[in-house]
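**Q** Got my_file-v1.cif for you, mmCIF, C-alpha atoms:
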data_input
#
loop_
_atom_site.group_PDB
_atom_site.id
_atom_site.type_symbol
_atom_site.label_atom_id
_atom_site.label_comp_id
_atom_site.auth_asym_id
_atom_site.auth_seq_id
_atom_site.Cartn_x
_atom_site.Cartn_y
_atom_site.Cartn_z
ATOM 1 C CA MET A 9 -22.073 -28.963 160.306
ATOM 2 C CA LEU A 10 -19.570 -31.813 160.054
ATOM 3 C CA THR A 11 -16.168 -30.860 161.427
ATOM 4 C CA LEU A 12 -12.773 -32.447 160.815
ATOM 5 C CA THR A 13 -9.970 -33.198 163.235
ATOM 6 C CA GLU A 14 -6.426 -32.247 162.306
ATOM 7 C CA ASN A 15 -5.739 -35.920 161.457
ATOM 8 C CA ALA A 16 -8.779 -36.070 159.191
ATOM 9 C CA SER A 17 -7.802 -32.847 157.418
ATOM 10 C CA SER A 18 -4.309 -34.192 156.736
ATOM 11 C CA ALA A 19 -5.632 -37.540 155.502
ATOM 12 C CA VAL A 20 -8.211 -35.930 153.218
ATOM 13 C CA LYS A 21 -5.623 -33.553 151.742
ATOM 14 C CA ASN A 22 -3.259 -36.461 151.130
ATOM 15 C CA LEU A 23 -5.961 -38.544 149.440
ATOM 16 C CA ALA A 24 -7.241 -35.602 147.381
ATOM 17 C CA SER A 25 -3.725 -34.948 146.077
ATOM 18 C CA GLN A 26 -4.276 -38.068 143.926
ATOM 19 C CA ILE A 27 -6.953 -36.213 141.952
ATOM 20 C CA PRO A 28 -5.591 -34.047 139.115
ATOM 21 C CA THR A 29 -7.688 -31.026 140.065
ATOM 22 C CA GLU A 30 -7.618 -28.349 142.732
ATOM 23 C CA THR A 31 -11.360 -28.660 143.378
ATOM 24 C CA GLY A 32 -11.208 -32.303 144.483
ATOM 25 C CA GLY A 33 -11.945 -33.825 147.845
ATOM 26 C CA LEU A 34 -13.440 -36.711 149.754
ATOM 27 C CA ARG A 35 -17.146 -37.349 149.157
ATOM 28 C CA ILE A 36 -19.372 -38.877 151.823
ATOM 29 C CA ALA A 37 -22.713 -40.304 150.720
ATOM 30 C CA GLU A 38 -25.224 -42.693 152.189
ATOM 31 C CA ALA A 39 -24.335 -46.283 151.319
ATOM 32 C CA ALA A 40 -26.666 -48.217 149.034
ATOM 33 C CA ASP A 41 -27.493 -50.414 152.052
ATOM 34 C CA PRO A 42 -28.189 -48.102 155.032
ATOM 35 C CA GLN A 43 -26.845 -50.743 157.442
ATOM 36 C CA ASN A 44 -23.411 -50.275 155.862
ATOM 37 C CA GLY A 45 -23.172 -46.641 156.977
ATOM 38 C CA TYR A 46 -21.607 -44.304 154.455
ATOM 39 C CA ALA A 47 -19.822 -44.596 151.142
ATOM 40 C CA LEU A 48 -16.543 -42.712 150.785
ATOM 41 C CA SER A 49 -15.023 -41.815 147.445
ATOM 42 C CA LEU A 50 -12.655 -39.308 145.916
ATOM 43 C CA ALA A 51 -14.409 -36.713 143.791
ATOM 44 C CA ALA A 52 -13.076 -34.088 141.393
ATOM 45 C CA ALA A 53 -15.746 -31.633 142.568
ATOM 46 C CA PRO A 54 -18.909 -31.586 144.677
ATOM 47 C CA GLU A 55 -22.108 -32.837 143.125
ATOM 48 C CA GLU A 56 -25.173 -30.633 142.951
ATOM 49 C CA GLY A 57 -26.723 -30.344 146.410
ATOM 50 C CA ASP A 58 -23.584 -31.434 148.281
ATOM 51 C CA THR A 59 -22.533 -29.556 151.396
ATOM 52 C CA VAL A 60 -18.880 -28.538 151.133
ATOM 53 C CA VAL A 61 -16.868 -28.670 154.353
ATOM 54 C CA GLU A 62 -13.419 -27.082 154.209
ATOM 55 C CA SER A 63 -10.874 -27.408 156.981
ATOM 56 C CA ASP A 64 -7.189 -26.489 156.821
ATOM 57 C CA GLY A 65 -7.131 -26.922 153.039
ATOM 58 C CA ALA A 66 -9.072 -30.208 153.056
ATOM 59 C CA ARG A 67 -12.385 -30.456 151.229
ATOM 60 C CA VAL A 68 -15.155 -32.896 152.109
ATOM 61 C CA PHE A 69 -18.347 -33.110 150.062
ATOM 62 C CA VAL A 70 -21.382 -34.467 151.919
ATOM 63 C CA ASP A 71 -24.443 -35.507 149.951
ATOM 64 C CA GLN A 72 -27.840 -34.147 150.968
ATOM 65 C CA ALA A 73 -29.071 -37.336 152.611
ATOM 66 C CA ALA A 74 -25.922 -37.797 154.725
ATOM 67 C CA SER A 75 -25.654 -34.095 155.531
ATOM 68 C CA VAL A 76 -28.545 -34.182 158.006
ATOM 69 C CA ALA A 77 -27.204 -37.234 159.852
ATOM 70 C CA LEU A 78 -23.645 -35.871 159.978
ATOM 71 C CA ASP A 79 -24.567 -32.328 160.981
ATOM 72 C CA ASP A 80 -23.281 -32.689 164.550
ATOM 73 C CA ARG A 81 -20.465 -35.162 163.921
ATOM 74 C CA ILE A 82 -16.680 -34.991 163.925
ATOM 75 C CA LEU A 83 -14.669 -36.844 161.273
ATOM 76 C CA ASP A 84 -11.376 -38.313 162.469
ATOM 77 C CA ALA A 85 -8.783 -40.396 160.659
ATOM 78 C CA ARG A 86 -5.968 -42.765 161.432
ATOM 79 C CA VAL A 87 -3.237 -43.682 158.970
ATOM 80 C CA GLN A 88 -1.837 -47.197 159.308
ATOM 81 C CA GLU A 89 1.852 -48.014 158.820
ATOM 82 C CA ASP A 90 1.072 -49.399 155.358
ATOM 83 C CA GLY A 91 -0.569 -46.089 154.377
ATOM 84 C CA ALA A 92 -4.166 -47.309 154.660
ATOM 85 C CA VAL A 93 -6.516 -44.670 156.039
ATOM 86 C CA GLY A 94 -9.371 -45.412 158.404
ATOM 87 C CA PHE A 95 -12.054 -42.815 159.065
ATOM 88 C CA ALA A 96 -14.340 -42.673 162.094
ATOM 89 C CA LEU A 97 -17.250 -40.462 163.108
ATOM 90 C CA ALA A 98 -17.790 -39.202 166.642
ATOM 91 C CA GLN A 99 -20.579 -37.200 168.238
ATOM 92 C CA ALA A 100 -19.640 -33.550 168.796
ATOM 93 C CA VAL A 101 -19.764 -32.532 172.448
#
Output the structure of this file as structure tokens.
**A**
Amino acid sequence: MLTLTENASSAVKNLASQIPTETGGLRIAEAADPQNGYALSLAAAPEEGDTVVESDGARVFVDQAASVALDDRILDARVQEDGAVGFALAQAV
């Protein structure tokens, strides 16, 4: 199952605070063009079939297609000085 670093958990919680619901989180889905990796979006709730990953109060929803590919991955995040968030995936060891 996808795991989150402490930085990723903090970033996801911060982003999800923009959604006026307590069930919201970051959704990861396969991009329309597979060469572009994954599509990230804020979601008020998981969609049917999504895997829900919770870590330190952060919620990430992973669609069925991406769930298999991300099963053994770690999500990390870095927040830039201007507040922009960059996410990266690493292989779990």
**Q** Please evaluate the PyMOL selection byres ((chain A and resi 12) around 8) against the structure above and give the resulting residues as a VMD selection string.
**A** chain A and resid 10 to 11 13 to 17 63 82 to 84
**Q** Decode the PyMOL selection byres ((chain A and resi 31) around 7) for the given file into explicit residues and return them as JSON, numbers by chain.
**A** {"A": [29, 30, 32, 33, 52, 53]}
**Q** When you look at Val61 in chain A with a cut-off of 8 Å (counting only C-alpha atoms), what residues show up, excluding the ones that are within fewer than 6 positions of it in the same chain? I need them as number ranges by chain.
**A** A: 9-11, 67-70
**Q** At a cut-off of 12 Å around the point (-21.5, -33.8, 173.5) (file coordinates), what residues fall inside when counting all atoms listed in the file? I'd like the answer as a count of residues only.
**A** 7
**Q** Could you tell me how far CA of Ala19 in chain A lies from CA of Pro54 in chain A, in Å and to one decimal?
**A**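 Between these atoms lies a distance of 18.1 Å.
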